[in-house]
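Here the structure is laid out as structure tokens; the discussion comes afterwards.
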Amino acid sequence: MLSILFLAQHISHIFCELYLNLTINSVWSCHNIGINLISYRKYSSGGGYPNISLSTPLPGIPKPVFASVDGQEKYETKITTLENGLKVASQNKFGQFCTVGILVNSGSRHETKYPSGIAHFLEKLSFSSTAQYGSKDEILLTLEKHGGICDCQTSRDTTMYAVSAEVKGLDTVVSLLSDAVLQPRLLDEEIEMTRMAVRFELEDLNMRPDPEPLLTEMIHAAAYRGNTVGLPRFCPADNVDKIDKNVLHSYLRNYYSPERMVLAGVGIEHEQLVECARKYLLHVKPVWGASSATSVDLSVAQYTGGIIKMEKDMSDVSLGPTPIPELTHIMIGLESCSFLEEDFIPFAVLNMMMGGGGSFSAGGPGKGMFTRLYLNVLNRHHWMYNATSYHHSYEDSGLLCIHASADPRQVREMVEIITREFIQMAGNAGEMELERAKTQLKSMLMMNLESRPVIFEDVGRQVLSTGKRKLPHELCDLISNVTAGDIKRVTTKMLRSKPAVAALGDLTELPSYEHIQAALSSKDGRLPRMYRLFR
């Protein structure tokens, strides 16, 4: 035992000596290195460094000019209209890449005289084979040479073809966009593949756990029954086989005319974009022949109100170890205003003030927790899974709605909570909550406009609908000027309209449309009492 202790002690002494030697050597080495560095600094360039403070400018160097940040864009969006009516709009944003695209005043709202679903088809057919490119792969390979990507999106009132690529490839990008929009081949095999893609998307729409896209489709159909923005955005299953090349060409001939288009670009010089537009979009004859805008649907959106119900078993929508419980989803909306009206900004502030969201926040608490739908609904009624406000606005109408979801047995109570929130919107907004909503809206606007593709979409949509663009600081000034009186005024006006209701799931406990309408016409938003002999 003692021998083991002695051996351990002897080993520790050896290690201590080794450590001391290593330390001394290290210190000596560092000392030598320090001496060498000092000599290097002193003699390597023929003399020592000048003894100048870091806060003093270096002699012989021009004074730097720093960029100033004042939250305002100094350069307005430049707009040029070509001889054929096509508008060219650009916003310079310095960088190596640019986003360029063509926006068309065409969407599902223009399909009154056609089978619904054409815009959906054109979205799926975008950037397929053209007169210049034999296939989609050729287009993608061409874009890859300039570090580019392409995308097409359709909405109820706009179709947008966009490409992001290096600025050096602008000529190729505009040539490609012109070909994709005006010279698509629309081959039979491409149309057949599109039919398969559309059928798959329709199945996915009905199966996905998040019902928001389906409810949005239903609330528009209820609010604008059979007209304009109430027409289906997704191709109905019955129309998939009806849409062929002839139908597509007939639609394109009417709606894809130069005066209904904007070539928008962000990150490029305006003169350069105009030159490319003249080269590739001025004298180009579309593959469907000369455009004839004689049959363009100029209908104004007619708000009707109403209810659309879809009884559906939601018990097996989300399977797995922690499935989402069976929920019933309700969306109630009222007519707001178009984005061309002055009341659009107060409605945007009201929507932000209502806010809301889900009862579970993946990023942790703090997102919108001071909005009314959190404070008055989700924080007080633990059984509600979701309460969110949405605002949809178009050139001739708008829709402000609240989506809520809960257990099917508590649907009646949930509907009453939402109708009460609508009525309380007409009350006096607190100074703090109004300022918070305005600040949140401005910050969201400015943060979104940090992204080049978002600036592109903003430039394109504004120029397409109004012929000009309001800059971010102008919008921020309009938001700052919104008062509590404005909120009360627009809400009072909104509450005069008939409600639009969309309901999805087990609807056994859903109140009648007449009762919901009565609640929204009352002073407190309560549903009429129901007395039952048997429960």
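Chain identifiers are assigned as A, B, and so on, following the order in which chains appear in the structure tokens; residues are numbered from 1 within each chain, and ligands are numbered from 1 in order of appearance.
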
Could you give me, as a tab-separated table, a per-residue list for range 246-280 of chain A showing, wherever an atom lies at most 7 Å from an atom of range 85-89 of chain A, the closest pair of atoms and their distance in Å to one decimal, using only C-alpha atoms and sorting by chain then residue number from low to high?
residue	atom	partner	partner_atom	distance
A:Pro258	CA	A:Leu86	CA	4.7
A:Glu259	CA	A:Gly85	CA	4.3
A:Met261	CA	A:Leu86	CA	5.7
A:Val262	CA	A:Lys87	CA	4.8
A:Leu263	CA	A:Val88	CA	4.8
A:Ala264	CA	A:Ala89	CA	4.7
A:Gly265	CA	A:Ala89	CA	6.4
A:Val274	CA	A:Val88	CA	6.4

At a cut-off of 12 Å, can you tabulate as a tab-separated table every residue of range 210-229 of chain A near range 108-122 of chain A together with its closest atom pair and the distance in Å to one decimal, using only C-alpha atoms and ordering rows by chain then number?
residue	atom	partner	partner_atom	distance
A:Glu217	CA	A:Ser108	CA	11.5
A:His220	CA	A:Arg109	CA	11.0
A:Ala221	CA	A:Arg109	CA	11.3
A:Tyr224	CA	A:Arg109	CA	10.5
A:Arg225	CA	A:Arg109	CA	11.8
A:Gly226	CA	A:Thr112	CA	8.7
A:Asn227	CA	A:Thr112	CA	7.3
A:Thr228	CA	A:Arg109	CA	4.1
A:Val229	CA	A:Arg109	CA	4.8

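For the choices A:Val482, A:Leu187, A:Leu58, A:Ala162, the atom-to-atom distance to Ala437 in chain A is smallest for A:Val482 when using only C-alpha atoms.
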
Rounded to one decimal in Å, what is the spacing between CA of Ser155 in chain A and CA of Ser106 in chain A? 8.5 Å

As an exercise, work out the distance from CA of Leu231 in chain A to CA of Glu341 in chain A in Å and give it to one decimal place.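 Those two atoms sit 23.1 Å apart.
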
From the DSSP assignment of the backbone, select every residue of range 42-163 of chain A that is helix (DSSP H, G or I), and format the answer as a list in words. Lys42, Tyr43, Ser108, Arg109, His110, Ile118, Ala119, His120, Phe121, Leu122, Glu123, Lys124, Leu125, Lys136, Asp137, Glu138, Ile139, Leu140, Leu141, Thr142, Leu143 and Glu144 of chain A

Residues of range 146-212 of chain A at most 12 Å from range 387-395 of chain A: nearest atom pair and distance in Å, only C-alpha atoms, as a Markdown table:
| residue | atom | partner | partner_atom | distance |
| --- | --- | --- | --- | --- |
| A:Ser155 | CA | A:Tyr394 | CA | 10.7 |
| A:Arg156 | CA | A:Tyr394 | CA | 8.7 |
| A:Asp157 | CA | A:Tyr394 | CA | 7.7 |
| A:Thr158 | CA | A:Tyr394 | CA | 10.3 |
| A:Glu212 | CA | A:Thr388 | CA | 10.3 |

Those same residues, written as a tab-separated table (two decimals), in the first residue's frame with N, CA, C and O atoms?
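Heads up, here's the output in result21.tsv:
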chain	number	residue	atom	x	y	z
A	155	SER	N	-53.32	34.94	-58.73
A	155	SER	CA	-54.26	35.24	-57.65
A	155	SER	C	-55.62	35.51	-58.29
A	155	SER	O	-55.81	35.23	-59.47
A	156	ARG	N	-56.53	36.07	-57.54
A	156	ARG	CA	-57.87	36.31	-58.10
A	156	ARG	C	-57.88	37.41	-59.16
A	156	ARG	O	-58.77	37.47	-59.99
A	157	ASP	N	-56.86	38.31	-59.10
A	157	ASP	CA	-56.88	39.43	-60.04
A	157	ASP	C	-55.57	39.66	-60.79
A	157	ASP	O	-55.50	40.54	-61.65
A	158	THR	N	-54.52	38.90	-60.49
A	158	THR	CA	-53.21	39.13	-61.11
A	158	THR	C	-52.50	37.82	-61.40
A	158	THR	O	-52.57	36.87	-60.61
A	212	GLU	N	-56.97	26.66	-43.93
A	212	GLU	CA	-57.08	28.09	-44.26
A	212	GLU	C	-57.28	28.36	-45.76
A	212	GLU	O	-58.16	29.13	-46.13

Report the residues of range 158-343 of chain A whose backbone DSSP state falls under strand (DSSP E or B), written as a list in words.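 Here are the strand (DSSP E or B) residues of range 158-343 of chain A: Thr159, Met160, Tyr161, Ala162, Val163, Ser164, Ala165, Glu166, Pro184, Met261, Val262, Leu263, Ala264, Gly265, Val266, Gly306, Ile307, Ile308, Lys309, Met310, Glu311, Thr328, His329, Ile330, Met331, Ile332, Gly333, Leu334 and Glu335 of chain A.
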